[in-house]
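The file protein.txt comes next; it holds compact mmCIF, C-alpha atoms.
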# COMPACT_ATOMS: atom_id res chain seq x y z
CA MET B 1 25.23 30.09 -21.16
CA LYS B 2 24.36 32.14 -24.21
CA HIS B 3 21.11 34.03 -23.99
CA PRO B 4 18.84 32.84 -26.81
CA ALA B 5 18.46 35.51 -29.49
CA ALA B 6 14.75 34.84 -29.92
CA CYS B 7 13.94 35.53 -26.24
CA ILE B 8 12.20 38.88 -25.72
CA GLN B 9 12.53 38.75 -21.90
CA CYS B 10 8.77 39.04 -21.44
CA GLY B 11 8.77 37.13 -18.15
CA LEU B 12 5.84 34.83 -18.90
CA CYS B 13 8.06 31.82 -18.17
CA VAL B 14 8.89 33.14 -14.70
CA GLU B 15 5.20 33.55 -13.95
CA ALA B 16 4.50 29.99 -15.09
CA CYS B 17 7.39 28.37 -13.20
CA PRO B 18 6.54 26.45 -9.99
CA VAL B 19 10.14 26.63 -8.75
CA GLU B 20 9.96 30.43 -8.77
CA LYS B 21 6.72 30.25 -6.75
CA VAL B 22 8.56 28.72 -3.79
CA GLY B 23 11.57 31.02 -3.94
CA GLY B 24 13.90 29.05 -6.20
CA HIS B 25 15.45 30.55 -9.31
CA ALA B 26 15.41 28.40 -12.40
CA ILE B 27 16.64 28.95 -15.95
CA VAL B 28 13.67 31.26 -16.49
CA THR B 29 15.32 33.79 -14.16
CA PHE B 30 18.27 33.89 -16.56
CA LEU B 31 16.00 34.18 -19.60
CA THR B 32 14.25 37.20 -18.15
CA ASN B 33 17.47 38.74 -16.89
CA PRO B 34 20.65 37.60 -18.69
CA ALA B 35 22.78 39.31 -16.02
CA ALA B 36 21.32 37.20 -13.21
CA ASP B 37 23.75 34.94 -11.36
CA ASP B 38 21.47 33.46 -8.70
CA TYR B 39 19.77 30.77 -10.77
CA SER B 40 20.46 27.09 -11.43
CA VAL B 41 19.61 24.99 -14.49
CA TRP B 42 19.21 22.02 -12.12
CA LEU B 43 16.20 23.60 -10.42
CA CYS B 44 13.41 22.26 -12.58
CA SER B 45 10.39 20.07 -11.92
CA SER B 46 9.92 19.03 -15.57
CA CYS B 47 6.43 20.51 -15.77
CA TRP B 48 7.05 22.14 -19.17
CA ARG B 49 4.93 25.17 -18.25
CA CYS B 50 7.62 27.69 -19.26
CA HIS B 51 8.09 25.88 -22.54
CA GLU B 52 4.35 26.00 -23.18
CA VAL B 53 3.81 29.69 -22.48
CA CYS B 54 6.85 31.06 -24.35
CA PRO B 55 5.43 33.35 -27.06
CA VAL B 56 8.50 32.99 -29.30
CA ASN B 57 9.00 29.23 -28.89
CA VAL B 58 12.39 29.23 -27.23
CA ASP B 59 13.36 25.57 -26.62
CA ILE B 60 13.77 26.23 -22.91
CA TYR B 61 13.92 22.55 -21.94
CA GLY B 62 16.56 21.77 -24.58
CA LEU B 63 18.61 24.82 -23.59
CA MET B 64 18.48 23.77 -19.94
CA MET B 65 19.54 20.19 -20.67
CA ALA B 66 22.42 21.36 -22.90
CA GLN B 67 23.69 23.60 -20.11
CA ARG B 68 23.39 20.81 -17.53
CA ARG B 69 25.75 18.69 -19.64
CA ARG B 70 28.39 21.41 -19.32
CA GLU B 71 28.11 21.78 -15.54
CA ASP B 72 29.01 19.80 -12.42
CA PRO B 73 25.83 18.09 -11.27
CA PRO B 74 24.32 18.33 -7.78
CA ALA B 75 25.02 15.24 -5.66
CA GLY B 76 21.49 13.85 -6.10
CA TYR B 77 21.80 13.82 -9.87
CA ARG B 78 25.36 12.48 -9.85
CA ASP B 79 24.47 9.58 -7.57
CA ALA B 80 21.37 8.76 -9.61
CA TYR B 81 23.35 8.74 -12.86
CA GLU B 82 26.09 6.55 -11.42
CA ARG B 83 23.49 4.07 -10.20
CA LEU B 84 21.82 4.15 -13.61
CA LEU B 85 25.09 3.27 -15.36
CA ARG B 86 25.77 0.52 -12.83
CA THR B 87 22.32 -1.09 -12.64
CA GLY B 88 20.08 0.22 -15.41
CA TRP B 89 17.96 2.28 -13.02
CA ALA B 90 18.42 5.69 -11.39
CA LEU B 91 16.60 4.46 -8.29
CA ALA B 92 17.85 1.53 -6.24
CA ILE B 93 15.87 -1.52 -7.37
CA ASP B 94 16.86 -4.95 -6.14
CA GLN B 95 15.69 -8.17 -7.84
CA GLU B 96 14.98 -10.02 -4.63
CA MET B 97 13.01 -7.15 -3.14
CA LEU B 98 11.16 -6.67 -6.42
CA ASP B 99 10.20 -10.37 -6.59
CA GLN B 100 8.86 -10.25 -3.06
CA MET B 101 6.92 -7.03 -3.54
CA ARG B 102 5.36 -8.15 -6.82
CA ALA B 103 4.45 -11.56 -5.43
CA ASP B 104 2.78 -9.88 -2.44
CA GLU B 105 0.58 -7.86 -4.84
CA GLY B 106 -0.10 -10.86 -7.08
CA LEU B 107 1.77 -9.29 -10.03
CA GLU B 108 3.60 -11.23 -12.74
CA ALA B 109 7.35 -11.59 -12.16
CA LEU B 110 9.66 -9.09 -13.78
CA GLU B 111 13.27 -9.73 -14.68
CA LEU B 112 15.64 -6.79 -14.29
CA PRO B 113 18.18 -6.11 -17.06
CA PRO B 114 21.76 -7.43 -16.81
CA ALA B 115 23.79 -5.01 -14.70
CA ASP B 116 26.13 -3.97 -17.52
CA LEU B 117 23.43 -3.30 -20.10
CA VAL B 118 23.20 0.48 -19.82
CA GLU B 119 26.94 1.08 -19.96
CA ALA B 120 27.14 -1.07 -23.08
CA LEU B 121 24.15 0.73 -24.61
CA LEU B 122 25.70 4.15 -24.03
CA ASP B 123 29.17 3.12 -25.25
CA ASP B 124 29.17 4.16 -28.90
CA GLU B 125 32.60 2.65 -29.57
CA ALA B 126 31.36 -0.90 -29.16
CA MET E 1 -18.71 -7.47 -23.79
CA TYR E 2 -15.80 -5.43 -25.08
CA PRO E 3 -13.30 -6.58 -27.67
CA HIS E 4 -10.37 -8.11 -25.83
CA THR E 5 -7.29 -5.93 -26.17
CA LYS E 6 -3.74 -6.62 -25.10
CA MET E 7 -1.11 -3.94 -24.61
CA ALA E 8 2.43 -3.75 -23.29
CA LEU E 9 3.17 -2.09 -19.95
CA TYR E 10 6.34 -0.11 -19.21
CA PRO E 11 6.41 0.15 -15.42
CA GLY E 12 9.02 2.86 -14.70
CA CYS E 13 11.30 3.13 -11.69
CA LEU E 14 8.81 4.34 -9.10
CA VAL E 15 6.35 1.54 -9.76
CA LEU E 16 9.14 -1.04 -9.62
CA GLN E 17 10.82 0.36 -6.56
CA ARG E 18 7.86 1.13 -4.35
CA MET E 19 4.46 1.37 -6.02
CA PRO E 20 3.29 -2.10 -7.00
CA ALA E 21 -0.15 -0.90 -5.83
CA TYR E 22 -0.27 1.55 -8.75
CA GLU E 23 0.34 -1.25 -11.24
CA ARG E 24 -2.12 -3.55 -9.49
CA ALA E 25 -4.93 -0.98 -9.44
CA SER E 26 -4.28 -0.01 -13.07
CA ARG E 27 -4.45 -3.65 -14.14
CA ALA E 28 -7.64 -4.22 -12.17
CA VAL E 29 -9.44 -1.27 -13.74
CA LEU E 30 -8.23 -2.08 -17.26
CA GLN E 31 -9.13 -5.74 -16.81
CA ALA E 32 -12.68 -4.66 -15.99
CA ILE E 33 -12.94 -3.12 -19.47
CA ASP E 34 -11.15 -6.11 -20.99
CA ILE E 35 -7.71 -4.62 -21.56
CA GLY E 36 -4.86 -6.92 -20.53
CA LEU E 37 -1.31 -5.71 -19.92
CA GLU E 38 1.92 -7.62 -20.60
CA ILE E 39 4.84 -6.13 -18.73
CA VAL E 40 8.01 -5.34 -20.69
CA GLN E 41 10.78 -7.64 -19.43
CA GLN E 42 14.29 -6.40 -18.58
CA PRO E 43 13.30 -2.74 -18.86
CA VAL E 44 15.77 0.03 -18.11
CA CYS E 45 15.35 3.61 -16.93
CA CYS E 46 13.39 5.76 -19.39
CA GLY E 47 16.27 8.23 -19.54
CA ALA E 48 14.64 11.40 -18.24
CA PRO E 49 15.50 13.57 -16.46
CA VAL E 50 18.65 11.92 -15.10
CA ALA E 51 20.44 10.43 -18.12
CA GLU E 52 19.25 13.32 -20.28
CA SER E 53 21.06 15.72 -17.95
CA PHE E 54 24.37 13.99 -18.69
CA SER E 55 24.30 12.75 -22.25
CA THR E 56 22.39 13.20 -25.50
CA ASP E 57 22.69 9.40 -25.76
CA TRP E 58 19.84 9.07 -23.23
CA ILE E 59 17.70 8.51 -26.27
CA TYR E 60 19.13 4.98 -26.66
CA LEU E 61 17.74 4.03 -23.26
CA ALA E 62 14.29 4.95 -24.52
CA ALA E 63 15.03 3.19 -27.82
CA TYR E 64 15.94 0.01 -25.92
CA ASN E 65 12.66 0.11 -23.99
CA LEU E 66 10.68 0.73 -27.18
CA ALA E 67 12.46 -2.21 -28.81
CA ARG E 68 11.43 -4.37 -25.84
CA VAL E 69 7.85 -3.19 -26.41
CA GLU E 70 8.05 -4.21 -30.08
CA GLN E 71 9.34 -7.59 -28.94
CA THR E 72 6.06 -8.20 -27.09
CA GLY E 73 4.20 -7.90 -30.39
CA HIS E 74 1.80 -5.27 -29.04
CA ASP E 75 1.51 -1.94 -30.86
CA THR E 76 0.78 0.15 -27.78
CA VAL E 77 2.68 0.58 -24.54
CA VAL E 78 0.87 1.84 -21.47
CA THR E 79 2.75 4.07 -19.03
CA LEU E 80 1.84 5.09 -15.50
CA CYS E 81 4.12 8.06 -14.82
CA GLY E 82 4.51 11.38 -16.57
CA SER E 83 8.29 11.33 -16.88
CA CYS E 84 8.55 8.05 -18.76
CA THR E 85 5.56 8.88 -20.94
CA ASN E 86 7.19 12.13 -21.96
CA ALA E 87 10.63 10.59 -22.46
CA LEU E 88 9.35 7.69 -24.56
CA VAL E 89 7.25 9.99 -26.74
CA ARG E 90 10.09 12.44 -27.31
CA ALA E 91 12.55 9.65 -28.05
CA GLY E 92 10.04 7.92 -30.31
CA ARG E 93 9.69 11.10 -32.31
CA ALA E 94 13.47 11.52 -32.62
CA LEU E 95 13.81 7.86 -33.66
CA GLN E 96 11.62 8.45 -36.68
CA ALA E 97 14.66 10.06 -38.34
CA ASP E 98 16.44 7.39 -40.39
CA ASP E 99 19.96 8.16 -39.16
CA VAL E 100 18.96 8.21 -35.48
CA ARG E 101 17.04 4.95 -35.83
CA ALA E 102 19.94 3.31 -37.68
CA GLU E 103 22.35 4.22 -34.87
CA ALA E 104 19.88 2.96 -32.26
CA ASN E 105 19.51 -0.33 -34.11
CA ARG E 106 23.29 -0.70 -34.41
CA ARG E 107 23.51 -0.45 -30.62
CA LEU E 108 20.50 -2.69 -29.98
CA ALA E 109 21.75 -5.48 -32.25
CA ARG E 110 23.91 -7.07 -29.56
CA TRP E 111 20.77 -8.01 -27.64
CA GLY E 112 19.01 -9.16 -30.78
CA LEU E 113 16.68 -6.15 -30.59
CA SER E 114 15.58 -3.58 -33.12
CA ILE E 115 13.02 -0.89 -33.63
CA THR E 116 11.02 -0.62 -36.80
CA GLY E 117 7.74 1.21 -36.62
CA PRO E 118 6.49 3.85 -34.25
CA VAL E 119 5.02 2.42 -31.05
CA ALA E 120 2.02 4.20 -29.53
CA VAL E 121 2.93 5.38 -26.02
CA LYS E 122 -0.20 5.87 -23.98
CA HIS E 123 -0.38 7.09 -20.42
CA LEU E 124 -3.09 5.50 -18.29
CA VAL E 125 -5.12 8.75 -18.16
CA ARG E 126 -5.17 8.97 -21.97
CA LEU E 127 -6.14 5.33 -22.32
CA LEU E 128 -8.90 5.55 -19.72
CA VAL E 129 -10.40 8.72 -21.13
CA GLU E 130 -10.55 7.09 -24.57
CA ARG E 131 -12.58 4.30 -22.96
CA GLU E 132 -14.77 6.64 -20.93
CA ASP E 133 -18.01 5.01 -22.07
CA ASP E 134 -16.81 1.51 -21.20
CA LEU E 135 -15.73 2.75 -17.78
CA ARG E 136 -19.03 4.52 -17.15
CA ALA E 137 -20.89 1.30 -17.85
CA ARG E 138 -18.88 -0.39 -15.09
CA ILE E 139 -19.55 2.16 -12.34
CA VAL E 140 -21.73 0.39 -9.77
CA ARG E 141 -20.89 2.30 -6.63
CA PRO E 142 -20.88 6.05 -7.35
CA LEU E 143 -18.62 7.92 -4.97
CA SER E 144 -19.45 11.05 -3.02
CA PHE E 145 -15.93 12.22 -2.19
CA ARG E 146 -14.61 15.67 -2.84
CA VAL E 147 -11.36 15.15 -4.71
CA ALA E 148 -8.38 17.50 -5.15
CA LEU E 149 -6.64 16.24 -8.27
CA THR E 150 -3.19 16.92 -9.64
CA ASN E 151 -2.84 16.68 -13.39
CA PRO E 152 0.28 14.77 -14.45
CA CYS E 153 2.25 17.61 -16.10
CA GLN E 154 4.34 15.64 -18.52
CA ILE E 155 1.58 13.73 -20.25
CA PHE E 156 0.03 17.00 -21.44
CA ARG E 157 3.06 19.19 -22.22
CA PRO E 158 4.71 20.16 -24.47
CA GLY E 159 1.32 20.46 -26.09
CA ASP E 160 2.58 20.18 -29.67
CA LEU E 161 3.95 16.71 -28.89
CA MET E 162 1.86 15.40 -25.99
CA GLY E 163 -1.45 17.16 -26.59
CA VAL E 164 -4.63 16.15 -28.35
CA ALA E 165 -6.86 18.34 -30.52
CA GLY E 166 -9.12 20.70 -28.62
CA GLU E 167 -7.27 20.37 -25.31
CA ASP E 168 -5.60 23.24 -23.46
CA PRO E 169 -2.18 21.88 -22.42
CA MET E 170 -2.10 24.35 -19.50
CA ALA E 171 -5.51 23.22 -18.19
CA PRO E 172 -6.32 19.75 -19.52
CA ARG E 173 -9.63 18.16 -18.52
CA ALA E 174 -9.03 14.46 -19.16
CA MET E 175 -8.33 13.52 -15.56
CA ARG E 176 -11.20 15.63 -14.27
CA ARG E 177 -13.60 13.82 -16.59
CA LEU E 178 -12.44 10.49 -15.22
CA VAL E 179 -12.95 11.63 -11.64
CA GLU E 180 -16.40 12.98 -12.45
CA LEU E 181 -17.55 9.71 -13.96
CA THR E 182 -16.99 8.04 -10.57
CA GLY E 183 -19.55 10.45 -9.12
CA ALA E 184 -16.90 12.24 -7.08
CA GLU E 185 -16.79 16.00 -6.99
CA VAL E 186 -13.67 17.80 -8.21
CA LEU E 187 -12.46 20.52 -5.86
CA GLU E 188 -11.40 23.73 -7.59
CA TYR E 189 -8.37 24.69 -5.54
CA GLY E 190 -6.20 26.43 -8.10
CA GLY E 191 -3.49 23.80 -7.87
CA GLU E 192 -4.84 21.24 -10.32
CA ASP E 193 -2.31 22.28 -12.94
CA GLU E 194 0.42 23.23 -10.53
CA CYS E 195 3.42 20.95 -10.51
CA CYS E 196 3.76 18.57 -7.55
CA GLY E 197 7.50 19.26 -7.32
CA ALA E 198 8.64 15.64 -7.19
CA THR E 199 11.31 15.73 -9.87
CA LEU E 200 12.79 18.79 -8.21
CA TYR E 201 13.62 16.59 -5.21
CA LEU E 202 16.86 15.29 -6.74
CA ALA E 203 18.36 18.78 -6.85
CA ALA E 204 16.51 20.66 -4.10
CA PRO E 205 14.54 18.62 -1.53
CA LYS E 206 13.39 21.67 0.44
CA LEU E 207 11.89 23.43 -2.58
CA SER E 208 10.31 20.17 -3.67
CA LEU E 209 8.58 19.71 -0.30
CA ALA E 210 7.56 23.38 -0.33
CA LEU E 211 5.62 22.71 -3.55
CA GLY E 212 3.95 19.69 -1.98
CA ARG E 213 3.07 21.82 1.03
CA ARG E 214 1.23 24.32 -1.17
CA LYS E 215 -1.07 21.51 -2.28
CA LEU E 216 -1.66 20.29 1.26
CA GLU E 217 -2.43 23.81 2.45
CA ALA E 218 -4.97 24.24 -0.33
CA THR E 219 -6.73 20.90 0.20
CA HIS E 220 -6.39 19.74 3.81
CA GLY E 221 -9.12 19.46 6.44
CA GLU E 222 -12.68 20.01 5.29
CA LYS E 223 -11.71 21.29 1.87
CA ALA E 224 -11.26 17.86 0.27
CA ASP E 225 -11.66 14.20 1.24
CA LEU E 226 -8.55 13.21 -0.62
CA MET E 227 -5.84 14.24 -3.06
CA LEU E 228 -5.66 12.27 -6.28
CA GLN E 229 -2.66 11.57 -8.51
CA GLY E 230 -2.22 10.03 -11.91
CA CYS E 231 1.56 9.78 -11.81
CA GLY E 232 4.12 8.00 -9.66
CA ASN E 233 6.06 11.21 -9.14
CA SER E 234 3.21 13.10 -7.55
CA GLN E 235 2.18 10.07 -5.49
CA LEU E 236 5.76 9.84 -4.25
CA LEU E 237 5.79 13.44 -3.13
CA LEU E 238 2.24 13.80 -1.87
CA ARG E 239 1.92 10.43 -0.16
CA ARG E 240 5.36 9.03 0.66
CA PHE E 241 7.07 12.35 1.39
CA GLN E 242 4.00 13.87 3.00
CA ARG E 243 5.31 12.73 6.38
CA ALA E 244 8.24 15.15 6.08
CA ILE E 245 5.94 18.00 5.07
CA VAL E 246 3.39 17.60 7.89
CA ARG E 247 5.91 16.87 10.65
CA ASP E 248 5.57 20.38 12.04
CA ASP E 249 1.93 20.75 11.12
CA PRO E 250 -0.04 17.49 11.46
CA ALA E 251 -3.29 19.30 10.62
CA LEU E 252 -2.13 19.40 7.00
CA ARG E 253 -2.29 15.60 6.70
CA GLN E 254 -4.34 14.44 3.74
CA LYS E 255 -5.18 11.11 2.08
CA ALA E 256 -3.50 10.57 -1.29
CA LEU E 257 -4.92 8.06 -3.77
CA LEU E 258 -4.06 7.09 -7.31
CA LEU E 259 -6.60 7.56 -10.11
CA PRO E 260 -7.17 3.84 -10.83
CA GLN E 261 -7.77 3.23 -7.12
CA LEU E 262 -10.59 5.77 -7.15
CA ILE E 263 -12.10 4.40 -10.34
CA GLY E 264 -11.74 0.86 -9.02
CA LEU E 265 -13.63 1.73 -5.85
CA ALA E 266 -16.45 3.17 -7.97
CA MET E 267 -16.45 -0.09 -9.96
CA GLY E 268 -17.01 -1.92 -6.70
CA LEU E 269 -13.65 -3.71 -6.88
CA PRO E 270 -12.36 -4.90 -3.49
CA ALA E 271 -9.85 -2.53 -1.85
CA GLY E 272 -7.27 -5.32 -1.76
CA GLU E 273 -7.35 -5.69 -5.55
CA LEU E 274 -6.59 -1.99 -5.84
CA GLY E 275 -3.51 -2.18 -3.68
CA LEU E 276 -5.40 -0.40 -0.89
CA ARG E 277 -5.35 -1.76 2.61
CA GLU E 278 -8.86 -1.58 4.02
CA ALA E 279 -7.71 0.88 6.65
CA HIS E 280 -6.44 3.24 3.98
CA ALA E 281 -9.47 3.14 1.74
CA PRO E 282 -11.39 6.39 2.07
Write out the structure in this file as structure tokens.
Amino acid sequence: MKHPAACIQCGLCVEACPVEKVGGHAIVTFLTNPAADDYSVWLCSSCWRCHEVCPVNVDIYGLMMAQRRREDPPAGYRDAYERLLRTGWALAIDQEMLDQMRADEGLEALELPPADLVEALLDDEA
Amino acid sequence: MYPHTKMALYPGCLVLQRMPAYERASRAVLQAIDIGLEIVQQPVCCGAPVAESFSTDWIYLAAYNLARVEQTGHDTVVTLCGSCTNALVRAGRALQADDVRAEANRRLARWGLSITGPVAVKHLVRLLVEREDDLRARIVRPLSFRVALTNPCQIFRPGDLMGVAGEDPMAPRAMRRLVELTGAEVLEYGGEDECCGATLYLAAPKLSLALGRRKLEATHGEKADLMLQGCGNSQLLLRRFQRAIVRDDPALRQKALLLPQLIGLAMGLPAGELGLREAHAP
């Protein structure tokens, strides 16, 4: 990953990052120290705190997502994406279970999308 | 009485998979101030953070959901989680560009769908705080709990996109105001704006639970009567996954409620209508 030219390595993003607070090393470790090799762009809790505190407006979230698309994903992400392509949802949601659960809570019925919808939506050749 | 308003509801994966109580409580509280919700049919994943991590085309998932909202005829869609709020707002912004919208519409045409105008995406906290006066008028049973709240990160940041004038995106006060109008006291524990860690779970379960543990350590026992969430992600981590966190330290156990459940209790709504079993109501 290319270190963004605008970044002044001030470290405010590391201070703001919850992942760093519990001993993980996120993209902010790389931003503060471009030589670091003990970080992962997959370690993020989507809180946008780093993005918010950056004094030079580096698009940290965008940079992280772009790098993720170049890397092999962790198993949790890979499985979730495969399920999303297959069913429309990253979490396992079953129509029968959904009907039961919603009826139990007195909620209006909800129809899930056709199983092949997301693959068709993401297929730009069609 | 209030003017009757109808809005669309995008439920999101967590509500569909395991949190019907969140939807039920939200509907009950909104109904009390005469806002009705029509759920978006055949919704798909909002796109973030999973699809976004694999393809820039994630935006068409959000476009599809926004088109389904337009199909309902309502100009506002209510969201319950931070992730989908954030994803739908970011995608909605990108779809304002003519070329992006044209490509989205080309893809949506096979289902007879299209997007035309911007749709207002409003998280429950935003909607409720806009109707603060209506809510206050419905409080009949002021609460005396001490509440440790967690602000839903993604409805407030990035501030230039998600924020409102006069609000500090790093320390927003909307949710606190809603808790205070129930009569409950807000515990200052330093973790109000600290991430719950839920979305980290996909990549690193241990770190995710470690973040949840920080909240339990700061709020358990006498410090607070309950933790309060305004997002499915934080409810997932702090309530459903709490079992894994407290296994070695049962003293850390803490009640975890959702914002509309607390407001509903202060409105005197029955626990059952808020998706709370009597035994779990504080």
Requested in this report: Mind listing whatever residues come within 12 Å of the point (16.3, 36.9, -19.1)? Use all atoms listed in the file, file coordinates, and give them as an NGL selection string.
Outcome: :B and (1-14 or 25-37 or 39 or 58 or 60)
Report task. Output as a PyMOL selection string the set of chain E residues within 8 Å of chain B, with distances taken over all atoms listed in the file. Result -> chain E and resi 13-14+16-17+20-21+24+39+41-45+49-55+57-58+60-61+83+107-108+153-154+157-159+169-170+194-195+197-200+202-204+207+210-211+275
Can you write out the residues you just picked, keeping C-alpha atoms, as a tab-separated table (two decimals), keeping the file's coordinate frame?
chain	number	residue	atom	x	y	z
E	13	CYS	CA	11.30	3.13	-11.69
E	14	LEU	CA	8.81	4.34	-9.10
E	16	LEU	CA	9.14	-1.04	-9.62
E	17	GLN	CA	10.82	0.36	-6.56
E	20	PRO	CA	3.29	-2.10	-7.00
E	21	ALA	CA	-0.15	-0.90	-5.83
E	24	ARG	CA	-2.12	-3.55	-9.49
E	39	ILE	CA	4.84	-6.13	-18.73
E	41	GLN	CA	10.78	-7.64	-19.43
E	42	GLN	CA	14.29	-6.40	-18.58
E	43	PRO	CA	13.30	-2.74	-18.86
E	44	VAL	CA	15.77	0.03	-18.11
E	45	CYS	CA	15.35	3.61	-16.93
E	49	PRO	CA	15.50	13.57	-16.46
E	50	VAL	CA	18.65	11.92	-15.10
E	51	ALA	CA	20.44	10.43	-18.12
E	52	GLU	CA	19.25	13.32	-20.28
E	53	SER	CA	21.06	15.72	-17.95
E	54	PHE	CA	24.37	13.99	-18.69
E	55	SER	CA	24.30	12.75	-22.25
E	57	ASP	CA	22.69	9.40	-25.76
E	58	TRP	CA	19.84	9.07	-23.23
E	60	TYR	CA	19.13	4.98	-26.66
E	61	LEU	CA	17.74	4.03	-23.26
E	83	SER	CA	8.29	11.33	-16.88
E	107	ARG	CA	23.51	-0.45	-30.62
E	108	LEU	CA	20.50	-2.69	-29.98
E	153	CYS	CA	2.25	17.61	-16.10
E	154	GLN	CA	4.34	15.64	-18.52
E	157	ARG	CA	3.06	19.19	-22.22
E	158	PRO	CA	4.71	20.16	-24.47
E	159	GLY	CA	1.32	20.46	-26.09
E	169	PRO	CA	-2.18	21.88	-22.42
E	170	MET	CA	-2.10	24.35	-19.50
E	194	GLU	CA	0.42	23.23	-10.53
E	195	CYS	CA	3.42	20.95	-10.51
E	197	GLY	CA	7.50	19.26	-7.32
E	198	ALA	CA	8.64	15.64	-7.19
E	199	THR	CA	11.31	15.73	-9.87
E	200	LEU	CA	12.79	18.79	-8.21
E	202	LEU	CA	16.86	15.29	-6.74
E	203	ALA	CA	18.36	18.78	-6.85
E	204	ALA	CA	16.51	20.66	-4.10
E	207	LEU	CA	11.89	23.43	-2.58
E	210	ALA	CA	7.56	23.38	-0.33
E	211	LEU	CA	5.62	22.71	-3.55
E	275	GLY	CA	-3.51	-2.18	-3.68
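Going from atom CA of E:Ile59 to atom CA of E:Ala171 covers 28.6 Å.
Take atom CA of E:Val69 and atom CA of E:Glu273: the distance between them is 25.9 Å.
Separating atom CA of E:Arg101 from atom CA of E:Glu70 is a distance of 14.1 Å.
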Query raised in the report: Hey, what's within 8 Å of E:Ser114 if we count only C-alpha atoms and toss same-chain stuff fewer than 6 positions away? As a PyMOL selection string, please?
Result: chain E and resi 67+104-105+108
Using only the atoms of stretch 51-58 of chain B listed in the file, plus 5 Å on each side, state the axis-aligned box centre and edge lengths in Å rounded to one decimal, as JSON.
{"center_x": 8.1, "center_y": 29.6, "center_z": -25.9, "size_x": 18.6, "size_y": 17.5, "size_z": 16.8}
Query - Spatial neighbours of E:Thr5, max dist 8 Å, all atoms listed in the file, sep filter under 2 positions, as a list of chain:residue names - result: E:Pro3, E:Met7, E:Asp34, E:Ile35, E:Gly36
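All protein, DNA and RNA residues at most 10 Å from (-7.6, 13.2, 2.3) are Phe145, Arg146, Val147, Ala148, Leu216, Thr219, His220, Gly221, Glu222, Lys223, Ala224, Asp225, Leu226, Met227, Leu228, Leu252, Arg253, Gln254, Lys255, Ala256, Leu257 and Pro282 of chain E, using only C-alpha atoms.
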